[in-house]
Structure formats: C-alpha cells, structure tokens
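These notes are about the structure you will find just below.
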Amino acid sequence: MEDRWNCIVVGAGAAGLSAALVLGRARQRTLVVDAGGQSNRAAHGIGGLLGHDARPPSELYAAGRDELAAYPTVELRSGEVLRGERLDAGFVLDLADGSREVAQRVLLATGMDYRYPALAGVEERWGRSVFHCPFCHGWEVRDQPLGVLDRGAAGTHRALLLRLWSDDVTLLADGPAELEVEDAERLRAAGVTVDERRVSALLGPGDALTTVAFTDGGERPCGGLLVPVTLHQRSALAEQLGATFAGPGPVAADAIEVDPTFHTSVPGLSAAGDASAQMPSVPGAIAAGHSAAAMIVGGLMAEARGLAPVGTPQPSAA
Ligand SMILES: Cc1cc2nc3c(=O)[nH]c(=O)nc-3n(C[C@H](O)[C@H](O)[C@H](O)COP(=O)(O)OP(=O)(O)OC[C@H]3O[C@@H](n4cnc5c(N)ncnc54)[C@H](O)[C@@H]3O)c2cc1C
C-alpha cells in the first residue's frame, strides 16, 4: 500500500507532539490527528517542566506544532479518530471527517479524562486554585491557608504533603475523617486541622478561591484546594484496537498496559503519555512520546531490513 503512513499518532499533547518530532526527524511518514483537548489547558502554567517552568500550556503546544512544520514527512490534522481496526499488517483508522487512514504503526497519545469531585465551585477553578497535583500547583498557592479534600490514609498523606507549601493546612473530610489513631496524631503533630463538616461550595472571585462553605452555614478561609481525581480513557479506541489495560492504580483507573518500550499487547500498537501512565505529568509525557517513537522507528527499520524486531511485540512484515 503506497499511501499508508508509517505511523499515525493519535493526539497532539505533550506525548504526541514529542513522538511526532522524533518520527519526523527520522523521516517517517507520520500523520498526527488531534482533537485539541489537552487536559491541562485550564491551567495558567505548566509547573515543573525544565526550561519551560510555568509556561502556559497553549504556548508549549503552539511551539511544538511550529517545530513540526520543519519536517515535511509529518502532517498535523485537526480532528478526531472515531474508530480503529487491526489489519494483517497495520491498522485502519476512521476519522470524524469521514476519511480512512492506513498505517503500519499507531501510537495512542490520547491523554486521559481527569474526573474530579462534583462539588459546586470546582469546575470554574479547576487547574488554578483547585488542583489535583501539589507538584504542579503547590508553588503558586504557597503560604496561604490551604485545604485537602479527602479522608482516610490518602487524605493524611496528601495533607502532610501539602504542608510543604503552607503552615496552614486543613484536611476537609466532608464527613467522618476515617483516620487511624496514628494518622490523627501525625496530622496533629504537623499542625494540620481536621474539619469533618460537610462541604457545600467553594467561593471566591473568578477562578480564585478564598472560602470553603459548609452545609452548617460555616465558612473557612482557603486559597487553594487539593482534590482527588481519577483518570479514565477518553474513548474506546484502545479497546477497539485490542489493547489490554492495567488494573486501577492510585490515580489511573484504566491506563493502557505497555512494556518498557511503550508497546501495548497488540503488535504495532504503542501508547504514551497519560493514556498509559500511572504518574501523569508533562515531562513524563514528553519522555514517553520520545521513547515510544524511537522504538517505533527502530521496529519499522528492522521490519524493512528483515532484522529481528527490537522490543516487543511487532507485527509480521507486510
Ligand atoms: C488541570 C491540569 C493541570 C495540570 N498541570 C500540570 C503541571 O503543571 N505540570 C505537569 O507536569 N503536569 C500537569 N498536568 C498533567 C499533564 O497535563 C498531563 O500529564 C499531560 O498533559 C499529558 O499529556 P498527553 O499528551 O498524554 O495528553 P493530553 O495533553 O491530554 O493530550 C491528548 C490529546 O489527544 C487528543 N485526543 C484524544 N482522543 C483523541 C482522538 N480519538 N482523536 C484525536 N485526538 C484525540 C486530545 O484532544 C488531546 O489534545 C496537569 C493536568 C491537568 C488536568
């Protein structure tokens, strides 16, 4: 098939753009399809990305796209991949615009759906004064009264972690705190207050948080709130293509199972970034996309030259 792509990358967030850069530099015919929904777009800046600390996410993605323009074998297309199917040697993907694309390899860099608690006032503050990751956003809310919405051992751990950024941390258990005696003592020793009142809403101007309101009519000052999230696949694409999923982890409910070379259990199908991660982050996604693409290029070369494949698993030659 002359018009098939060497690789289709689904998703152009940190993982997909990083992978496409490696594929383009290796002169692989690469199609990148992206629906434009990178998960961190709500955030003011990317915390902890070396060389780009606190840079607005949209700027990073625009810069990544600009860099790809230098590589003529890479095509970036806005759109959505709706369905995928395995062929004897490769894959066919159906796009929302009605086109069908065939590729030797597919890299899923589709990110994850971050699900946060359904609480009045979270949505408009999400990724700003309400966040899931203290390493990403803790610095920006340092030295303010902070809250941790959680309970039990997870709440204890997260409240003690957030103490690194503020002396004034409250564990908002939103009901009975379910603490072991030792954990209650650890929190007390660290100066963390435990508040078991039911939370009714988050208040403050715009995307800022100033106050947590409780159902009993009380309020507590709060400049930043750490909330628990679970990450879920955004679509059935990985499942359609036959990928297997890791069991639920501390954050990801259904990360795609990959080996250390980012190959899934399906020959020719790779996955990188949040879609296959247990510790989601922009630097992690960039690194995963880079490595996944290098392994894809190595596999394509081996296939073309009749070499034994490197890493596992690879499809048989076309
Ligand atoms: C609010 C928030 C703030 C964050 N802040 C930080 C931070 O400060 N520092 C940090 O390191 N990490 C941060 N993270 C985590 C970080 O954003 C992610 O780990 C990282 O962006 C994942 O990159 P990715 O490329 O895997 O996925 P994404 O960036 O989510 O990109 C996936 C892309 O694939 C597209 N896509 C999905 N399905 C399809 C399909 N079927 N067809 C076509 N396109 C598709 C999506 O639309 C999207 O554009 C934050 C996350 C959130 C939610």
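As shown in the structure tokens, the chain order sets the letters A, B, ...; within each chain, residues go from 1, and ligands are also counted from 1 in the order they appear.
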Close residues, Ala294 (chain A) itself excluded, 12 Å, only C-alpha atoms, min 5 positions apart in chain, as an MDAnalysis selection string: chainID A and resid 7 18:28 107 261:263 270 272 287:289 299:301 310:311
Go ahead and dump the residues you just picked, C-alpha atoms, as a PDB file, in the first residue's frame.
```pdb
ATOM      1  CA  CYS A   7       2.793   5.849  11.804  1.00  0.00           C
ATOM      2  CA  SER A  18       7.168  14.764  21.233  1.00  0.00           C
ATOM      3  CA  ALA A  19       6.669  11.474  19.376  1.00  0.00           C
ATOM      4  CA  ALA A  20       5.904  13.225  16.092  1.00  0.00           C
ATOM      5  CA  LEU A  21       9.108  15.246  16.392  1.00  0.00           C
ATOM      6  CA  VAL A  22      11.190  12.073  16.681  1.00  0.00           C
ATOM      7  CA  LEU A  23       9.275  10.411  13.833  1.00  0.00           C
ATOM      8  CA  GLY A  24       9.650  13.493  11.606  1.00  0.00           C
ATOM      9  CA  ARG A  25      13.355  13.801  12.278  1.00  0.00           C
ATOM     10  CA  ALA A  26      13.674  10.117  11.310  1.00  0.00           C
ATOM     11  CA  ARG A  27      11.865  10.876   8.015  1.00  0.00           C
ATOM     12  CA  GLN A  28       8.892   8.650   8.770  1.00  0.00           C
ATOM     13  CA  LEU A 107       0.729   5.464  18.684  1.00  0.00           C
ATOM     14  CA  THR A 261       9.367   0.264  25.228  1.00  0.00           C
ATOM     15  CA  PHE A 262       5.780   1.596  25.214  1.00  0.00           C
ATOM     16  CA  HIS A 263       4.446  -1.254  23.079  1.00  0.00           C
ATOM     17  CA  SER A 270       2.095   1.768  21.133  1.00  0.00           C
ATOM     18  CA  ALA A 272       2.469   7.011  25.557  1.00  0.00           C
ATOM     19  CA  ALA A 287       9.789  11.488  27.628  1.00  0.00           C
ATOM     20  CA  ALA A 288       7.334   8.668  26.925  1.00  0.00           C
ATOM     21  CA  GLY A 289       6.438  10.052  23.499  1.00  0.00           C
ATOM     22  CA  GLY A 299      10.867  -1.513  14.678  1.00  0.00           C
ATOM     23  CA  LEU A 300       9.962  -0.202  11.218  1.00  0.00           C
ATOM     24  CA  MET A 301      13.593  -0.267  10.174  1.00  0.00           C
ATOM     25  CA  VAL A 310      13.799  -4.926  18.938  1.00  0.00           C
ATOM     26  CA  GLY A 311      11.441  -4.785  21.907  1.00  0.00           C
TER      27      GLY A 311
END
```
Backbone-only DSSP, strand (DSSP E or B) members of region 128-274 of chain A, as JSON, numbers by chain: {"A": [130, 131, 146, 147, 148, 149, 169, 170, 171, 172, 193, 194, 195, 199, 200, 201, 202, 203, 211, 212, 213, 214, 219, 220, 221, 224, 225, 226, 230, 231, 232, 233, 245, 252, 256, 263, 269, 270, 271]}
Pick from A:Gln278, A:Ser39, A:Thr156, A:Thr73 nearest to Met112 (chain A), counting only C-alpha atoms: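 Among A:Gln278, A:Ser39, A:Thr156, A:Thr73, it is A:Ser39 that comes nearest to Met112 (chain A).
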Filtered DSSP result for region 118-199 of chain A, state alpha helix (DSSP H), as a list in words: Pro134, Phe135, Cys136, His137, Gly152, Ala153, Ala154, Gly155, Thr156, His157, Arg158, Ala159, Leu160, Leu161, Leu162, Val181, Glu182, Asp183, Ala184, Glu185, Arg186, Leu187, Arg188 and Ala189 of chain A
Please write the residues from the selection above to a file, keeping N, CA and C atoms, as a PDB file, in the first residue's frame.
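File produced: selection-v9.pdb:
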```pdb
ATOM      1  N   PRO A 134       0.025  18.684  43.821  1.00  0.00           N
ATOM      2  CA  PRO A 134       0.760  19.753  44.513  1.00  0.00           C
ATOM      3  C   PRO A 134       2.080  20.095  43.823  1.00  0.00           C
ATOM      4  N   PHE A 135       2.684  19.139  43.132  1.00  0.00           N
ATOM      5  CA  PHE A 135       3.934  19.437  42.436  1.00  0.00           C
ATOM      6  C   PHE A 135       3.697  20.398  41.261  1.00  0.00           C
ATOM      7  N   CYS A 136       2.504  20.336  40.680  1.00  0.00           N
ATOM      8  CA  CYS A 136       2.164  21.212  39.550  1.00  0.00           C
ATOM      9  C   CYS A 136       1.766  22.603  40.029  1.00  0.00           C
ATOM     10  N   HIS A 137       1.025  22.687  41.132  1.00  0.00           N
ATOM     11  CA  HIS A 137       0.381  23.958  41.502  1.00  0.00           C
ATOM     12  C   HIS A 137       0.682  24.432  42.918  1.00  0.00           C
ATOM     13  N   GLY A 152      -9.331   9.518  55.297  1.00  0.00           N
ATOM     14  CA  GLY A 152      -8.588   8.277  55.474  1.00  0.00           C
ATOM     15  C   GLY A 152      -7.103   8.455  55.225  1.00  0.00           C
ATOM     16  N   ALA A 153      -6.434   7.333  54.909  1.00  0.00           N
ATOM     17  CA  ALA A 153      -4.979   7.352  54.755  1.00  0.00           C
ATOM     18  C   ALA A 153      -4.546   8.251  53.596  1.00  0.00           C
ATOM     19  N   ALA A 154      -5.327   8.240  52.504  1.00  0.00           N
ATOM     20  CA  ALA A 154      -4.967   9.081  51.350  1.00  0.00           C
ATOM     21  C   ALA A 154      -5.005  10.550  51.749  1.00  0.00           C
ATOM     22  N   GLY A 155      -6.030  10.923  52.502  1.00  0.00           N
ATOM     23  CA  GLY A 155      -6.144  12.309  52.943  1.00  0.00           C
ATOM     24  C   GLY A 155      -4.989  12.695  53.852  1.00  0.00           C
ATOM     25  N   THR A 156      -4.600  11.783  54.725  1.00  0.00           N
ATOM     26  CA  THR A 156      -3.473  12.057  55.628  1.00  0.00           C
ATOM     27  C   THR A 156      -2.212  12.321  54.824  1.00  0.00           C
ATOM     28  N   HIS A 157      -1.938  11.440  53.886  1.00  0.00           N
ATOM     29  CA  HIS A 157      -0.721  11.579  53.081  1.00  0.00           C
ATOM     30  C   HIS A 157      -0.726  12.904  52.316  1.00  0.00           C
ATOM     31  N   ARG A 158      -1.854  13.215  51.709  1.00  0.00           N
ATOM     32  CA  ARG A 158      -1.914  14.418  50.869  1.00  0.00           C
ATOM     33  C   ARG A 158      -1.863  15.696  51.722  1.00  0.00           C
ATOM     34  N   ALA A 159      -2.473  15.649  52.899  1.00  0.00           N
ATOM     35  CA  ALA A 159      -2.424  16.830  53.771  1.00  0.00           C
ATOM     36  C   ALA A 159      -0.997  17.066  54.272  1.00  0.00           C
ATOM     37  N   LEU A 160      -0.322  15.981  54.642  1.00  0.00           N
ATOM     38  CA  LEU A 160       1.068  16.136  55.112  1.00  0.00           C
ATOM     39  C   LEU A 160       1.968  16.598  53.973  1.00  0.00           C
ATOM     40  N   LEU A 161       1.679  16.134  52.759  1.00  0.00           N
ATOM     41  CA  LEU A 161       2.452  16.590  51.592  1.00  0.00           C
ATOM     42  C   LEU A 161       2.249  18.094  51.371  1.00  0.00           C
ATOM     43  N   LEU A 162       1.009  18.519  51.450  1.00  0.00           N
ATOM     44  CA  LEU A 162       0.724  19.935  51.186  1.00  0.00           C
ATOM     45  C   LEU A 162       1.335  20.855  52.244  1.00  0.00           C
ATOM     46  N   VAL A 181      -5.622   6.048  64.437  1.00  0.00           N
ATOM     47  CA  VAL A 181      -5.147   6.852  65.572  1.00  0.00           C
ATOM     48  C   VAL A 181      -3.776   7.454  65.261  1.00  0.00           C
ATOM     49  N   GLU A 182      -2.901   6.645  64.645  1.00  0.00           N
ATOM     50  CA  GLU A 182      -1.536   7.123  64.340  1.00  0.00           C
ATOM     51  C   GLU A 182      -1.577   8.280  63.336  1.00  0.00           C
ATOM     52  N   ASP A 183      -2.470   8.161  62.354  1.00  0.00           N
ATOM     53  CA  ASP A 183      -2.560   9.230  61.350  1.00  0.00           C
ATOM     54  C   ASP A 183      -3.095  10.518  61.973  1.00  0.00           C
ATOM     55  N   ALA A 184      -4.087  10.368  62.852  1.00  0.00           N
ATOM     56  CA  ALA A 184      -4.632  11.549  63.530  1.00  0.00           C
ATOM     57  C   ALA A 184      -3.518  12.245  64.313  1.00  0.00           C
ATOM     58  N   GLU A 185      -2.653  11.451  64.931  1.00  0.00           N
ATOM     59  CA  GLU A 185      -1.543  12.009  65.702  1.00  0.00           C
ATOM     60  C   GLU A 185      -0.521  12.687  64.773  1.00  0.00           C
ATOM     61  N   ARG A 186      -0.248  12.049  63.626  1.00  0.00           N
ATOM     62  CA  ARG A 186       0.699  12.649  62.654  1.00  0.00           C
ATOM     63  C   ARG A 186       0.177  14.010  62.175  1.00  0.00           C
ATOM     64  N   LEU A 187      -1.102  14.067  61.911  1.00  0.00           N
ATOM     65  CA  LEU A 187      -1.681  15.336  61.444  1.00  0.00           C
ATOM     66  C   LEU A 187      -1.603  16.395  62.536  1.00  0.00           C
ATOM     67  N   ARG A 188      -1.937  15.968  63.760  1.00  0.00           N
ATOM     68  CA  ARG A 188      -1.892  16.919  64.880  1.00  0.00           C
ATOM     69  C   ARG A 188      -0.467  17.452  65.066  1.00  0.00           C
ATOM     70  N   ALA A 189       0.506  16.515  65.012  1.00  0.00           N
ATOM     71  CA  ALA A 189       1.907  16.923  65.205  1.00  0.00           C
ATOM     72  C   ALA A 189       2.371  17.894  64.118  1.00  0.00           C
TER      73      ALA A 189
END
```
Neighbour list for Val148 (chain A) as JSON, numbers by chain, cut-off 9 Å, only C-alpha atoms, skip fewer than 2 positions in-chain: {"A": [146, 150, 151, 155, 158, 159, 162, 169, 170, 171, 172, 173, 224, 225, 226, 227, 228]}
Separation of atom 6 (C, counted along the ligand's line) of ligand 1 from CA of Leu164 (chain A) in Å: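 Going from CA of Leu164 (chain A) over to atom 6 (C, counted along the ligand's line) of ligand 1 covers 18.0 Å.
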Residue among A:Ala69, A:Met295, A:Ala308, A:Val81 lying closest to ligand 1, counting only C-alpha atoms and all ligand atoms: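 So, comparing all the options, the nearest one is A:Val81.
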d(CA of Glu59 (chain A), atom 12 (N, counted along the ligand's line) of ligand 1) in Å: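 These atoms are spaced 14.4 Å apart.
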Residue nearest ligand 1 among A:Thr230, A:Gln38, A:Ser129, A:Ser78 (counting only C-alpha atoms and all ligand atoms): A:Gln38
Residues within 10 Å of Gly206 (chain A), only C-alpha atoms, excluding chain neighbours under 5 positions, as a ChimeraX atom specification: /A:121,124-125
What would the file look like if the residues just selected were written as a PDB file, in the first residue's frame with C-alpha atoms?
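The file below, again-v3.pdb, is the result:
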```pdb
ATOM      1  CA  GLY A 121     -17.308  25.840  42.546  1.00  0.00           C
ATOM      2  CA  GLU A 124     -14.513  27.145  37.241  1.00  0.00           C
ATOM      3  CA  ARG A 125     -11.398  26.927  39.470  1.00  0.00           C
TER       4      ARG A 125
END
```
Residue among A:Ile256, A:Ala213, A:Ile296, A:Ala275 lying closest to ligand 1, counting only C-alpha atoms and all ligand atoms: A:Ala275
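For the choices A:Arg105, A:Arg220, A:Arg305, A:His52, the atom-to-atom distance to ligand 1 is smallest for A:His52 when using only C-alpha atoms and all ligand atoms.
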Proximity to Gly36 (chain A) - best of A:Gly218, A:Gly306, A:Pro57, A:Gly51, only C-alpha atoms: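 So, comparing all the options, the nearest one is A:Pro57.
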Shell around Thr264 (chain A) at 10 Å using only C-alpha atoms, local window under 3 positions removed, as a list in words: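 Here the answer would be Leu107, Leu108, Ala238, Gly242, Ala243, Thr244, Phe245, Ile256, Glu257, Val258, Asp259, Pro260, Thr261, Pro267, Gly268, Leu269, Ser270, Ala271, Ala272, Ser276, Thr312, Pro313 and Gln314 of chain A.
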Could you save the residues just selected, with N, CA and C atoms, as a compact mmCIF listing (two decimals), in the first residue's frame?
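The resulting file, result01.txt, is shown below:
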```
# COMPACT_ATOMS: atom_id res chain seq x y z
N LEU A 107 0.36 5.06 17.33
CA LEU A 107 0.73 5.46 18.68
C LEU A 107 -0.45 6.20 19.30
N LEU A 108 -0.97 5.66 20.37
CA LEU A 108 -2.06 6.33 21.09
C LEU A 108 -1.45 7.29 22.11
N ALA A 238 -8.59 2.46 22.26
CA ALA A 238 -7.60 1.45 22.69
C ALA A 238 -8.26 0.08 22.79
N GLY A 242 -7.75 -3.55 20.59
CA GLY A 242 -7.39 -4.79 21.28
C GLY A 242 -6.40 -4.64 22.41
N ALA A 243 -6.12 -3.40 22.82
CA ALA A 243 -5.16 -3.19 23.90
C ALA A 243 -5.71 -3.74 25.21
N THR A 244 -4.80 -4.12 26.10
CA THR A 244 -5.21 -4.51 27.44
C THR A 244 -4.91 -3.36 28.40
N PHE A 245 -5.54 -3.39 29.54
CA PHE A 245 -5.44 -2.28 30.49
C PHE A 245 -4.86 -2.75 31.81
N ILE A 256 -3.57 2.18 29.73
CA ILE A 256 -3.25 1.13 28.76
C ILE A 256 -1.97 0.44 29.23
N GLU A 257 -1.98 -0.88 29.14
CA GLU A 257 -0.80 -1.65 29.58
C GLU A 257 0.28 -1.55 28.51
N VAL A 258 1.46 -1.13 28.89
CA VAL A 258 2.59 -1.07 27.95
C VAL A 258 3.82 -1.71 28.60
N ASP A 259 4.75 -2.15 27.73
CA ASP A 259 6.02 -2.66 28.25
C ASP A 259 6.99 -1.47 28.35
N PRO A 260 8.22 -1.69 28.80
CA PRO A 260 9.14 -0.54 28.96
C PRO A 260 9.46 0.20 27.66
N THR A 261 9.12 -0.42 26.51
CA THR A 261 9.37 0.26 25.23
C THR A 261 8.08 0.91 24.69
N PRO A 267 0.51 -6.16 18.60
CA PRO A 267 1.65 -5.89 17.71
C PRO A 267 1.43 -4.61 16.89
N GLY A 268 2.41 -3.71 16.93
CA GLY A 268 2.35 -2.48 16.14
C GLY A 268 1.63 -1.32 16.81
N LEU A 269 1.04 -1.57 17.95
CA LEU A 269 0.31 -0.51 18.67
C LEU A 269 1.09 -0.09 19.91
N SER A 270 1.39 1.22 19.97
CA SER A 270 2.09 1.77 21.13
C SER A 270 1.19 2.78 21.84
N ALA A 271 1.53 3.09 23.06
CA ALA A 271 0.75 4.09 23.81
C ALA A 271 1.71 4.86 24.72
N ALA A 272 1.56 6.18 24.75
CA ALA A 272 2.47 7.01 25.56
C ALA A 272 1.71 8.18 26.18
N SER A 276 -1.13 5.83 29.13
CA SER A 276 -0.52 4.60 29.62
C SER A 276 0.31 4.85 30.89
N THR A 312 9.19 -5.59 22.18
CA THR A 312 8.05 -6.47 21.91
C THR A 312 6.77 -5.68 21.94
N PRO A 313 5.72 -6.10 21.33
CA PRO A 313 5.72 -7.03 20.21
C PRO A 313 5.64 -6.24 18.92
N GLN A 314 6.06 -6.79 17.80
CA GLN A 314 6.00 -6.14 16.48
C GLN A 314 5.12 -6.99 15.57
```
